[in-house]
Amino acid sequence: MDWLALSPEELTAVRLSLRIAFWAMLASLPVGLATAFLLARYDFWGKSILNGIVHLPLILPPVVTGYILLLLFGRRGAIGEFLDQSFGIVFAFRWTGAALACAVMGFPLMVRAMRLSIETVDRRLEQAAGTLGASPFMVFLTVTLPLILPGIIAGMILSFAKAMGEFGATITFVSNIPGETQTLPSAIYVFTQVPGGDAGAMRLTLISVAISMAALIASELLARRVASRVGQGAPAT
Amino acid sequence: MDWLALSPEELTAVRLSLRIAFWAMLASLPVGLATAFLLARYDFWGKSILNGIVHLPLILPPVVTGYILLLLFGRRGAIGEFLDQSFGIVFAFRWTGAALACAVMGFPLMVRAMRLSIETVDRRLEQAAGTLGASPFMVFLTVTLPLILPGIIAGMILSFAKAMGEFGATITFVSNIPGETQTLPSAIYVFTQVPGGDAGAMRLTLISVAISMAALIASELLARRVASRVGQGAPAT
Amino acid sequence: MTLTVDVSHRQGDFTLEVRFESEGNLTALFGRSGSGKTTLVNIVAGLIRPVRGRVALGDLVLLDSERGIFVPPHRRRIGYVFQEGRLFPHLSVRQNLLYGRWFAPSGERREALDTVIDLLGIASLLERRPGSLSGGEKQRVAIGRALLASPRLLLMDEPLASLDEGRKGEILPYIERLRDQMRIPILYVSHAVGEVARLASTLVLLNEGRVAAAGPTADIMGRLDLFPMTGRAEAGAVLETRIEAHEADYGLTLLRSAAGMIRVPRIDMEAGTPVRVRIRARDVMLALERPSGISALNILEATVAELRPGKGPIVDIRLDCAGTPLLARVTRRSVETLGLRPGLALYAVVKSVAFERRSIAAGTEAGGEAGGEAADL
Amino acid sequence: MTLTVDVSHRQGDFTLEVRFESEGNLTALFGRSGSGKTTLVNIVAGLIRPVRGRVALGDLVLLDSERGIFVPPHRRRIGYVFQEGRLFPHLSVRQNLLYGRWFAPSGERREALDTVIDLLGIASLLERRPGSLSGGEKQRVAIGRALLASPRLLLMDEPLASLDEGRKGEILPYIERLRDQMRIPILYVSHAVGEVARLASTLVLLNEGRVAAAGPTADIMGRLDLFPMTGRAEAGAVLETRIEAHEADYGLTLLRSAAGMIRVPRIDMEAGTPVRVRIRARDVMLALERPSGISALNILEATVAELRPGKGPIVDIRLDCAGTPLLARVTRRSVETLGLRPGLALYAVVKSVAFERRSIAAGTEAGGEAGGEAADL
Amino acid sequence: SEPVTLFAAASLRNALDEVIAAWKAETGKQARTSYAGSSALAKQIEQGAPADIFISADLAWMDHLQKAGLVKPETRSNLLGNSIVLVSPKAEAKPVEIGPGFPLASLLGDRRLAMADTSAVPAGKYGKAALQSLGVWEAVEGRLAQAENVRAALALVSRGEVPYGIVYATDAAADPNVVIVGHFPAGSHPPIIYPAALLAESKNPDAAAFLTHVKSPKMKPVFEKHGFTVFN
Ligand SMILES: Nc1ncnc2c1ncn2[C@@H]1O[C@H](COP(=O)(O)OP(=O)(O)OP(=O)(O)O)[C@@H](O)[C@H]1O
Ligand SMILES: Nc1ncnc2c1ncn2[C@@H]1O[C@H](COP(=O)(O)OP(=O)(O)OP(=O)(O)O)[C@@H](O)[C@H]1O
Ligand code: MOO
Ligand SMILES: [Mg+2]
Ligand SMILES: [Mg+2]
């Protein structure tokens, strides 16, 4: 369909969205896993606070989250300035910033999914691994991690999907610069802001949905393979 | 602090947000649970499609979701018109519409959490209940449901938190009518749109965060009680 | 009630192809690890729907793949003691025990909660959650849960494996009572030959998914060719007897059998009741002359019918006691010393204490008529 | 190696207060369900950190609450066969088996994978996942997993409970080999008296969280006062003997004991090797005169030392055979008929076949010197 | 050379895209635009966004930045003008005479009037001012459906959710489902102005030239085509 043909700019937005969603998902993975583990397994002072902070991006209107990111990680922001001067890492108005915004917005979803999985792991299996000589870290790597794979996959796909749809925080934090920070949702938003833009918005929306669906199906297949491997083997009825 | 004192209008927004978040959470609970169960347990034609639809609100920019809701549930919308004429149920410009929007936006989060829990239930326990005479429905009620309580709680708190932060879809669908559909995020948004409105936005944000934190802590306590009841009883190390 | 099973099922590389019919009240499934016992029990419970098959309990057809009948598990009213417990972790022990009650037709609540709790010794656990129970405690609760569901068929998959002898000794008579007084048919999986020999009227021997032998327990336990599967140590013969009289002073019961009179520890049943006793080959001593001044109370006249040397120093001997077969096991050295050969007349000597509780079962061939317990040794 | 345990622990209403020291290579923990066996084993494994206590293996202190020592489980190098399997569901059987290997110091990989796989009969399961294994198959894999970790202490919590006799008969000698040749100290929980009697040099009897008795297995199994806990049916005495000669023709071995000569099925060890044999009270027949023309090969001169009437028709009798105690069990009727009374001289008659494989163990009091197997009956 | 970066109100997209295309064709140079809400853009500029030119949808945010010294005051000019109109769904459109005290409330009946947010969004603020000066604000204040932006308000009318809405003429003209039923008199509200200016931190040498290009008479028809009025 001709109607579906993308302009070069739109193509850029698609590519950029994919890149941003991918990296947002990947970069938040270790942090998310560590946080989920901490929340699932340990009791410590300030646990409620940490838990609250994790959930903040969900609770706050995305615009506010974006603004807070701008204040913290912007060029003039407390952390942004430090990172820039010390390591040359710049988030402001870069695709990396968009990835950061998406990662932050998806973080509570990712952490929750992983945490739920971690909480259902049978700790007696971890003990068994311990008696067989595995150090706590090896236990995590060889027992806990494989067992929580379904949760990890769920967390990743949620983070990815959220990143594909995130718009409020991104556009507020890193603006809407074509080729740099203009993601699919931002492009869709602009379409909705002008007369006659509906068709364009619809087109990009379909593309975004198609991509996310593909990711979703892939994740389901993966999860199914994992599940069949770990399955309890209960007799089928 | 004087600074924190709310105007009557803001107080209304707080109350409304609470009401909307509460009902959004509650109303999506049975549907979410059923969907999660379906996705976790059954294989059927169109499962990928259902799964995709569930995730749509995550993938789509909220504004688009709001617009789709308007198309479907507005007065002239396919479903809205039917509901109005058949049952007198109206969503347009009502707080119920805001609740619908929030419920829809929180739906994928709720379903995922519940689904993850359902997938980890040991089906052999359900079989045992079956041999003891429990029908599939009773098995669900007396075995499955209690066992997935952590997932249900997680799903509910995610839905609630999301509802407290949701804004894009709500305002697009049911607009921003004080006392009817103006939620906290809408009020915050308004503040962010005028120069010098930051202080007001900050104030409302803090209130929103405080409410959600309270809900979060309550949910954690609840989850902990549930977990201690269901705990595997593995010896503490 | 007749339990009819005729099923074929495949899982992975394993094929189950089983067909048997059991009139007995308690049918034991016996076989090596991996021979398909649990699979078969699951099929009877309705947890596995086999590729093809028929399962019926009396007139009640639970499964008939040809006629498309499949009664779902919750309508079968089957009490299942699983091999691995499967207690509900979110319910207290009491709630676990009472779970099946909710669903049992209220008219059919047979077992009183208190009786079962006492029997299983779990009174102090009632408010606990299964997670903190010991292995044996879990198993006891699982047994209680199945019993209290007032089932019309009881499936027990190694129910006593993790219990100590003392506890087993308490529970076994209870199972016998279920079998005889309540007349609940039981399908019982066990590796313990003693248990099987004591409880089962019918034994089904599984081997690699197929029935190696099925029939009355006595017949199968006595078949020399099945020793590799039934375990040689427990081999023995079964005598059909009738209670003649009680020797109240000594706490003994006198049984009349075709082979002669036998004294066993007291059986609390009326004179005239038929009783099956098993005499293990290893407990039978042979003497050329009638011994006197010995502690053994049972001395039976017999003729050597067959000698079956095994590998090693052991010879199994089939005796003929006035038409009734008896098995004895002696060393090859004794065979030579005593000059044992077919046709030789001699005496079989059996101690009364050799009749352990587990080797005495009341009942005719068709299953127990009325229950009763042998005195506890 | 000496295993020293001295711990106090509370969980819920249950208090564990255990103190024992075992020189033996295999220490059996015996006790009713809920008596604290698994709890104790968990403490030794480091999975439970008790309120107070000390656990040491030889010089190696694993736990000392006073000195603040607590070696974490993964540094203890302990192989633990759990009561409930605990196989890794995400790994294949092979990967489960090899799991401990990754972490064992490579120099100390003692057991060859193939040997263990053969022994346990799990070759065909290697690529399967634990979820689809039968109960006994799981247990066998769990045993294999623990063995292959090359542990310096083996904890086995009812490892054979779900296995059939045949399989048990194959695995028991292997455990003996570990005990005697590999000299791996083993802490072994079992309800099966036979198993315990055969394997354990030292027995610790637990009762409600406390040590009811601890010491050499023979002593404890023979104590009449402990019958309620050890199980009456298995009661018996242990004779310390030495191999005198083999009767190759008959496949028998002649043992010299203080009580006299005993013939038992062949033991594959050199003449002179010390051997412990257990004679169960129920297998001993008494005669006032030396019987002749009987199949029983062992006739020992004895004097009645003590009569202990139990409830019911049974009397337990302690005999004195030239200073060595022997237990016999007869009916009260025989006691009267034969006029049994302390001081009466008589003969104890025991069939050779009564010496099952499980009742013969090689070794001195201090634990086996060299391993060996009794002939298979 | 670096492309010129514009931060522009999202509603300008259609027109500005054409203007940029013309600039590219003419000079071969690149320009790119970040379209978003004026408030978001202004805040980003405050935080050091790498923009050269800001085109706001109202004066307030431009004033805000100017006070903070972030724009070059000498380059600031009022670029475009717009007007607000009353629209109705096509199906129920009847011309409305807009004047002081016109009967908007009774026209609405028990239904609502769609507007962009009257305290946050420029179009909403202008609409509110107009209604106030015409003396009908009090009567309709409780009957508003305020949307996040003009387009969302327009959608409400377009979908028939509300009988009337106040939107920019530029938006109304392009939607076939709505009909303009009345124009608000120019004096009834402050002039609707899109100011443009070079930013203080802009270092791009082409920026000034681009701004000149935007303001050039050649571009006038482009903006007018999309419904704007062009100043100067
Ligand atoms: N977490 C706990 N809280 C309270 N009581 C407990 C807990 N864990 C175990 N117990 C109790 O401690 C006692 C000892 O348990 P343990 O598992 O050591 O018994 P065991 O000797 O291994 O029994 P079995 O032979 O049945 O496995 C039991 O009565 C059990 O109910
Ligand atoms: N889902 C499955 N896929 C493949 N093979 C299976 C599956 N479930 C069971 N088996 C195999 O079927 C055989 C019979 O299993 P089953 O559990 O019935 O044995 P069992 O007689 O109960 O043994 P045990 O005494 O060890 O419990 C075993 O060899 C087992 O490995
Ligand atoms: O949190 Mo949003 O409202 O999906 O961008
Ligand atoms: Mg089994
Ligand atoms: Mg235990």
# chains A, B, ... in the order shown; residues from 1 in each chain; ligands from 1
call {"tool": "residues_near_ligand", "arguments": {"ligand": "ligand 5", "cutoff": "12 Å", "atoms": "only C-alpha atoms and all ligand atoms", "output": "tab-separated table (two decimals) with C-alpha atoms, in the first residue's frame"}}
result
chain	number	residue	atom	x	y	z
C	132	SER	CA	6.83	-26.32	58.29
C	133	LEU	CA	5.90	-29.97	58.66
C	134	SER	CA	8.38	-32.81	58.63
C	135	GLY	CA	8.34	-35.30	55.78
C	136	GLY	CA	6.35	-37.89	57.67
C	137	GLU	CA	3.97	-35.34	59.11
C	138	LYS	CA	3.15	-34.14	55.60
C	139	GLN	CA	2.47	-37.66	54.50
C	161	ALA	CA	7.11	-44.86	52.60
C	162	SER	CA	8.26	-42.02	54.82
C	163	LEU	CA	6.79	-43.29	58.06
C	164	ASP	CA	8.46	-45.09	60.90
D	29	LEU	CA	19.72	-41.12	62.79
D	30	PHE	CA	16.70	-43.05	63.78
D	31	GLY	CA	13.49	-41.81	65.30
D	32	ARG	CA	9.82	-41.37	64.77
D	33	SER	CA	8.34	-38.96	62.30
D	34	GLY	CA	8.75	-35.45	63.64
D	35	SER	CA	11.52	-36.32	66.06
D	36	GLY	CA	13.93	-33.80	64.54
D	37	LYS	CA	16.06	-35.84	62.16
D	38	THR	CA	15.76	-33.56	59.18
D	39	THR	CA	16.24	-30.50	61.35
D	40	LEU	CA	19.46	-31.96	62.69
D	41	VAL	CA	20.71	-32.86	59.24
D	42	ASN	CA	19.92	-29.35	58.05
D	81	VAL	CA	20.42	-36.22	49.60
D	82	PHE	CA	17.28	-34.39	50.60
D	83	GLN	CA	14.15	-36.05	51.84
D	84	GLU	CA	12.25	-34.39	48.99
D	156	MET	CA	21.30	-38.91	53.43
D	157	ASP	CA	17.75	-38.22	54.56
D	158	GLU	CA	15.76	-41.39	53.85
D	159	PRO	CA	17.50	-41.88	50.53
D	161	ALA	CA	12.44	-44.73	51.07
D	188	TYR	CA	22.08	-41.48	57.45
D	189	VAL	CA	18.41	-40.98	58.27
D	190	SER	CA	16.17	-43.97	57.86
D	191	HIS	CA	13.02	-45.54	59.22
D	206	LEU	CA	16.12	-39.32	68.50
call {"tool": "residues_near_ligand", "arguments": {"ligand": "ligand 3", "cutoff": "8 Å", "atoms": "only C-alpha atoms and all ligand atoms", "output": "list in words"}}
result
Pro57, Leu58, Leu60, Pro61, Pro62, Val63, Met105, Lys162, Gly165, Glu166, Phe167, Gly168 and Ala169 of chain A; Pro57, Leu58, Leu60, Pro61, Pro62, Met105, Lys162, Gly165, Glu166, Phe167, Gly168 and Ala169 of chain B
call {"tool": "interface_residues", "arguments": {"of": "chain B", "to": "chain E", "cutoff": "12 Å", "atoms": "only C-alpha atoms", "output": "number ranges by chain"}}
result
B: 63-64, 66-78, 80-81, 90-94, 167-182, 185-198
call {"tool": "write_last_selection", "arguments": {"atoms": "N, CA and C atoms", "output": "compact mmCIF listing (two decimals), in the first residue's frame"}}
result
# COMPACT_ATOMS: atom_id res chain seq x y z
N VAL B 63 -2.21 9.49 24.08
CA VAL B 63 -3.15 10.34 23.36
C VAL B 63 -3.93 9.52 22.33
N VAL B 64 -3.23 8.61 21.69
CA VAL B 64 -3.88 7.77 20.69
C VAL B 64 -4.89 6.85 21.36
N GLY B 66 -6.43 7.44 24.07
CA GLY B 66 -7.57 8.28 24.44
C GLY B 66 -8.48 8.52 23.23
N TYR B 67 -7.86 8.74 22.11
CA TYR B 67 -8.63 9.02 20.91
C TYR B 67 -9.43 7.79 20.48
N ILE B 68 -8.79 6.63 20.58
CA ILE B 68 -9.50 5.40 20.24
C ILE B 68 -10.68 5.19 21.20
N LEU B 69 -10.44 5.46 22.47
CA LEU B 69 -11.54 5.35 23.44
C LEU B 69 -12.69 6.27 23.05
N LEU B 70 -12.31 7.46 22.61
CA LEU B 70 -13.33 8.42 22.19
C LEU B 70 -14.13 7.86 21.02
N LEU B 71 -13.40 7.26 20.09
CA LEU B 71 -14.08 6.69 18.92
C LEU B 71 -15.02 5.56 19.31
N LEU B 72 -14.60 4.78 20.30
CA LEU B 72 -15.40 3.61 20.67
C LEU B 72 -16.47 3.93 21.69
N PHE B 73 -16.07 4.67 22.73
CA PHE B 73 -16.97 4.82 23.88
C PHE B 73 -17.59 6.22 23.97
N GLY B 74 -17.27 7.08 23.00
CA GLY B 74 -17.90 8.40 23.01
C GLY B 74 -19.39 8.27 22.73
N ARG B 75 -20.08 9.36 22.90
CA ARG B 75 -21.53 9.35 22.66
C ARG B 75 -21.91 8.79 21.31
N ARG B 76 -21.10 9.17 20.33
CA ARG B 76 -21.37 8.71 18.97
C ARG B 76 -20.55 7.48 18.62
N GLY B 77 -19.80 7.03 19.63
CA GLY B 77 -18.92 5.89 19.37
C GLY B 77 -19.70 4.62 19.25
N ALA B 78 -19.11 3.64 18.56
CA ALA B 78 -19.80 2.37 18.30
C ALA B 78 -20.37 1.77 19.58
N GLY B 80 -20.19 3.21 22.73
CA GLY B 80 -20.79 4.22 23.61
C GLY B 80 -22.26 4.44 23.32
N GLU B 81 -22.58 4.52 22.05
CA GLU B 81 -23.96 4.79 21.69
C GLU B 81 -24.86 3.63 22.13
N VAL B 90 -23.21 6.05 30.41
CA VAL B 90 -22.49 7.07 29.65
C VAL B 90 -21.10 7.25 30.22
N PHE B 91 -20.11 7.22 29.35
CA PHE B 91 -18.75 7.47 29.80
C PHE B 91 -18.31 8.89 29.51
N ALA B 92 -18.86 9.44 28.38
CA ALA B 92 -18.35 10.72 27.89
C ALA B 92 -18.46 11.80 28.95
N PHE B 93 -17.35 12.47 29.21
CA PHE B 93 -17.29 13.60 30.14
C PHE B 93 -17.74 13.25 31.56
N ARG B 94 -17.73 11.99 31.88
CA ARG B 94 -18.07 11.58 33.24
C ARG B 94 -16.82 11.02 33.91
N PHE B 167 -2.78 10.42 32.37
CA PHE B 167 -3.24 11.75 32.05
C PHE B 167 -3.58 11.87 30.57
N GLY B 168 -2.67 11.40 29.74
CA GLY B 168 -2.85 11.61 28.30
C GLY B 168 -4.15 11.02 27.76
N ALA B 169 -4.40 9.79 28.10
CA ALA B 169 -5.59 9.14 27.56
C ALA B 169 -6.85 9.72 28.19
N THR B 170 -6.77 10.00 29.47
CA THR B 170 -7.94 10.53 30.18
C THR B 170 -8.39 11.86 29.59
N ILE B 171 -7.44 12.78 29.48
CA ILE B 171 -7.83 14.12 29.04
C ILE B 171 -8.32 14.09 27.61
N THR B 172 -7.76 13.20 26.82
CA THR B 172 -8.20 13.12 25.42
C THR B 172 -9.60 12.53 25.33
N PHE B 173 -9.87 11.58 26.15
CA PHE B 173 -11.15 10.89 26.10
C PHE B 173 -12.26 11.70 26.76
N VAL B 174 -12.02 12.10 27.99
CA VAL B 174 -13.12 12.74 28.72
C VAL B 174 -12.83 14.18 29.10
N SER B 175 -11.78 14.72 28.50
CA SER B 175 -11.45 16.11 28.73
C SER B 175 -11.15 16.37 30.20
N ASN B 176 -11.20 17.60 30.60
CA ASN B 176 -10.60 18.01 31.86
C ASN B 176 -11.59 18.90 32.59
N ILE B 177 -12.67 18.30 33.09
CA ILE B 177 -13.76 19.05 33.68
C ILE B 177 -13.62 19.03 35.20
N PRO B 178 -13.41 20.18 35.81
CA PRO B 178 -13.21 20.20 37.25
C PRO B 178 -14.40 19.52 37.94
N GLY B 179 -14.10 18.72 38.89
CA GLY B 179 -15.14 18.05 39.66
C GLY B 179 -15.73 16.84 38.97
N GLU B 180 -15.44 16.65 37.70
CA GLU B 180 -16.01 15.51 37.01
C GLU B 180 -14.91 14.61 36.44
N THR B 181 -14.03 15.25 35.69
CA THR B 181 -12.95 14.44 35.11
C THR B 181 -11.57 15.04 35.34
N GLN B 182 -11.50 16.12 36.08
CA GLN B 182 -10.17 16.70 36.30
C GLN B 182 -9.46 15.97 37.44
N PRO B 185 -3.33 14.43 37.86
CA PRO B 185 -2.39 14.66 36.77
C PRO B 185 -2.85 15.78 35.82
N SER B 186 -4.16 15.84 35.57
CA SER B 186 -4.64 16.91 34.70
C SER B 186 -4.35 18.27 35.34
N ALA B 187 -4.62 18.34 36.62
CA ALA B 187 -4.37 19.59 37.33
C ALA B 187 -2.88 19.95 37.29
N ILE B 188 -2.07 18.89 37.47
CA ILE B 188 -0.62 19.14 37.42
C ILE B 188 -0.23 19.63 36.04
N TYR B 189 -0.80 18.99 35.05
CA TYR B 189 -0.47 19.36 33.67
C TYR B 189 -0.74 20.83 33.42
N VAL B 190 -1.92 21.26 33.89
CA VAL B 190 -2.29 22.65 33.69
C VAL B 190 -1.24 23.58 34.30
N PHE B 191 -0.78 23.22 35.49
CA PHE B 191 0.25 24.04 36.13
C PHE B 191 1.53 24.10 35.29
N THR B 192 1.87 22.95 34.69
CA THR B 192 3.13 22.94 33.94
C THR B 192 3.05 23.73 32.66
N GLN B 193 1.84 24.07 32.24
CA GLN B 193 1.70 24.75 30.96
C GLN B 193 1.79 26.27 31.06
N VAL B 194 1.80 26.77 32.29
CA VAL B 194 1.91 28.23 32.40
C VAL B 194 3.22 28.59 33.07
N PRO B 195 3.84 29.65 32.57
CA PRO B 195 5.09 30.10 33.17
C PRO B 195 4.87 30.34 34.66
N GLY B 196 5.81 29.87 35.49
CA GLY B 196 5.71 30.11 36.92
C GLY B 196 4.78 29.16 37.64
N GLY B 197 4.29 28.15 36.90
CA GLY B 197 3.36 27.21 37.53
C GLY B 197 4.06 26.07 38.25
N ASP B 198 5.39 26.05 38.22
CA ASP B 198 6.13 24.91 38.77
C ASP B 198 5.80 24.62 40.22
call {"tool": "residues_around", "arguments": {"residues": "Ala302 (chain C)", "least_positions_apart": "6", "cutoff": "12 Å", "atoms": "only C-alpha atoms", "output": "NGL selection string"}}
result
:C and (258-260 or 284-290 or 317-328 or 342-349)
call {"tool": "write_last_selection", "arguments": {"atoms": "N, CA and C atoms", "output": "compact mmCIF listing (two decimals), in the first residue's frame"}}
result
# COMPACT_ATOMS: atom_id res chain seq x y z
N ALA C 258 -5.92 -77.72 56.02
CA ALA C 258 -5.78 -79.04 55.43
C ALA C 258 -4.46 -79.68 55.84
N ALA C 259 -3.46 -78.83 56.09
CA ALA C 259 -2.14 -79.34 56.41
C ALA C 259 -2.04 -79.74 57.88
N GLY C 260 -2.98 -79.34 58.67
CA GLY C 260 -2.92 -79.66 60.10
C GLY C 260 -3.28 -78.45 60.93
N VAL C 284 10.42 -71.65 57.76
CA VAL C 284 10.09 -73.08 57.90
C VAL C 284 11.37 -73.92 58.06
N MET C 285 11.39 -74.68 59.15
CA MET C 285 12.52 -75.56 59.40
C MET C 285 12.05 -76.99 59.11
N LEU C 286 12.97 -77.83 58.67
CA LEU C 286 12.58 -79.21 58.35
C LEU C 286 13.24 -80.17 59.35
N ALA C 287 12.48 -81.19 59.72
CA ALA C 287 13.04 -82.21 60.62
C ALA C 287 12.62 -83.58 60.14
N LEU C 288 13.56 -84.54 60.25
CA LEU C 288 13.26 -85.88 59.78
C LEU C 288 12.35 -86.61 60.76
N GLU C 289 12.55 -86.31 62.04
CA GLU C 289 11.67 -86.91 63.04
C GLU C 289 10.88 -85.82 63.74
N ARG C 290 9.74 -86.22 64.27
CA ARG C 290 8.95 -85.22 64.98
C ARG C 290 9.75 -84.69 66.17
N ILE C 317 12.31 -75.34 48.63
CA ILE C 317 11.68 -76.65 48.61
C ILE C 317 10.18 -76.50 48.66
N ARG C 318 9.50 -77.17 47.75
CA ARG C 318 8.06 -77.19 47.79
C ARG C 318 7.62 -78.46 48.51
N LEU C 319 6.82 -78.26 49.56
CA LEU C 319 6.36 -79.40 50.35
C LEU C 319 4.90 -79.64 50.03
N ASP C 320 4.49 -80.84 50.28
CA ASP C 320 3.08 -81.15 50.12
C ASP C 320 2.56 -81.57 51.49
N CYS C 321 1.70 -80.74 52.07
CA CYS C 321 1.12 -81.07 53.38
C CYS C 321 -0.31 -81.51 53.16
N ALA C 322 -0.54 -82.71 53.00
CA ALA C 322 -1.87 -83.23 52.78
C ALA C 322 -2.58 -82.48 51.67
N GLY C 323 -1.82 -82.28 50.58
CA GLY C 323 -2.41 -81.64 49.41
C GLY C 323 -2.20 -80.14 49.35
N THR C 324 -1.86 -79.52 50.45
CA THR C 324 -1.62 -78.08 50.45
C THR C 324 -0.13 -77.80 50.25
N PRO C 325 0.20 -76.89 49.33
CA PRO C 325 1.64 -76.63 49.14
C PRO C 325 2.18 -75.71 50.25
N LEU C 326 3.41 -75.95 50.61
CA LEU C 326 4.11 -75.12 51.59
C LEU C 326 5.52 -74.91 51.05
N LEU C 327 6.10 -73.75 51.32
CA LEU C 327 7.45 -73.50 50.85
C LEU C 327 8.41 -73.49 52.03
N ALA C 328 9.56 -74.05 51.80
CA ALA C 328 10.60 -74.00 52.83
C ALA C 328 11.92 -73.62 52.16
N PRO C 342 12.66 -85.67 46.55
CA PRO C 342 11.21 -85.73 46.35
C PRO C 342 10.64 -87.03 46.89
N GLY C 343 9.52 -86.94 47.57
CA GLY C 343 8.88 -88.13 48.09
C GLY C 343 9.18 -88.39 49.54
N LEU C 344 10.26 -87.77 50.05
CA LEU C 344 10.65 -88.01 51.43
C LEU C 344 9.61 -87.43 52.39
N ALA C 345 9.19 -88.21 53.36
CA ALA C 345 8.25 -87.72 54.36
C ALA C 345 9.03 -87.09 55.50
N LEU C 346 8.59 -85.94 55.98
CA LEU C 346 9.29 -85.27 57.08
C LEU C 346 8.35 -84.31 57.78
N TYR C 347 8.91 -83.49 58.64
CA TYR C 347 8.09 -82.55 59.41
C TYR C 347 8.52 -81.10 59.14
N ALA C 348 7.53 -80.28 58.96
CA ALA C 348 7.81 -78.84 58.81
C ALA C 348 7.53 -78.17 60.15
N VAL C 349 8.52 -77.40 60.62
CA VAL C 349 8.41 -76.77 61.93
C VAL C 349 8.34 -75.25 61.77
call {"tool": "select_by_dssp", "arguments": {"residues": "region 21-224 of chain B", "states": "alpha helix (DSSP H)", "output": "JSON, numbers by chain"}}
result
{"B": [21, 22, 23, 24, 25, 26, 27, 28, 29, 30, 31, 32, 33, 34, 35, 36, 37, 38, 39, 40, 41, 47, 48, 49, 50, 51, 52, 53, 54, 55, 56, 57, 58, 59, 62, 63, 64, 65, 66, 67, 68, 69, 70, 71, 72, 73, 78, 79, 80, 81, 82, 83, 84, 85, 86, 87, 95, 96, 97, 98, 99, 100, 101, 102, 103, 104, 105, 106, 107, 108, 109, 110, 111, 112, 113, 114, 115, 116, 117, 118, 119, 120, 123, 124, 125, 126, 127, 128, 129, 130, 131, 136, 137, 138, 139, 145, 146, 147, 149, 150, 151, 152, 153, 154, 155, 156, 157, 158, 159, 160, 161, 162, 163, 164, 165, 168, 169, 170, 171, 172, 173, 174, 184, 185, 186, 187, 188, 189, 190, 191, 192, 198, 199, 200, 201, 202, 203, 204, 205, 206, 207, 208, 209, 210, 211, 212, 213, 214, 215, 216, 217, 218, 219, 220, 221, 222, 223, 224]}
call {"tool": "select_by_dssp", "arguments": {"residues": "region 287-329 of chain D", "states": "strand (DSSP E or B)", "output": "list in words"}}
result
Ala287, Ile294, Asn298, Ile299, Leu300, Glu301, Ala302, Thr303, Val304, Ala305, Glu306, Leu307, Arg308, Pro309, Ile314, Val315, Asp316, Ile317, Arg318, Leu319, Asp320, Cys321, Thr324, Pro325, Leu326, Leu327, Ala328 and Arg329 of chain D
call {"tool": "write_last_selection", "arguments": {"atoms": "C-alpha atoms", "output": "short mmCIF file (atom, residue, chain, number, x, y, z; two decimals), in the first residue's frame"}}
result
data_model
loop_
_atom_site.label_atom_id
_atom_site.label_comp_id
_atom_site.auth_asym_id
_atom_site.auth_seq_id
_atom_site.Cartn_x
_atom_site.Cartn_y
_atom_site.Cartn_z
CA ALA D 287 15.12 -76.78 72.42
CA ILE D 294 16.87 -80.97 61.39
CA ASN D 298 23.30 -73.59 64.02
CA ILE D 299 22.78 -75.02 67.43
CA LEU D 300 24.25 -73.07 70.34
CA GLU D 301 24.41 -74.04 73.97
CA ALA D 302 22.79 -71.45 76.15
CA THR D 303 21.40 -70.65 79.56
CA VAL D 304 18.23 -68.68 80.16
CA ALA D 305 19.25 -65.36 81.73
CA GLU D 306 16.05 -63.32 81.82
CA LEU D 307 12.39 -63.68 80.85
CA ARG D 308 10.54 -60.58 79.76
CA PRO D 309 6.87 -61.20 79.10
CA ILE D 314 4.94 -63.27 73.51
CA VAL D 315 7.87 -63.58 75.85
CA ASP D 316 11.30 -62.17 75.10
CA ILE D 317 14.12 -64.18 76.52
CA ARG D 318 17.66 -63.12 77.12
CA LEU D 319 20.04 -66.06 76.81
CA ASP D 320 23.59 -66.33 77.90
CA CYS D 321 25.78 -68.23 75.42
CA THR D 324 27.53 -63.54 75.01
CA PRO D 325 23.94 -62.37 75.19
CA LEU D 326 21.44 -63.68 72.66
CA LEU D 327 17.76 -62.78 72.33
CA ALA D 328 14.96 -65.24 71.63
CA ARG D 329 11.24 -64.75 71.29
#
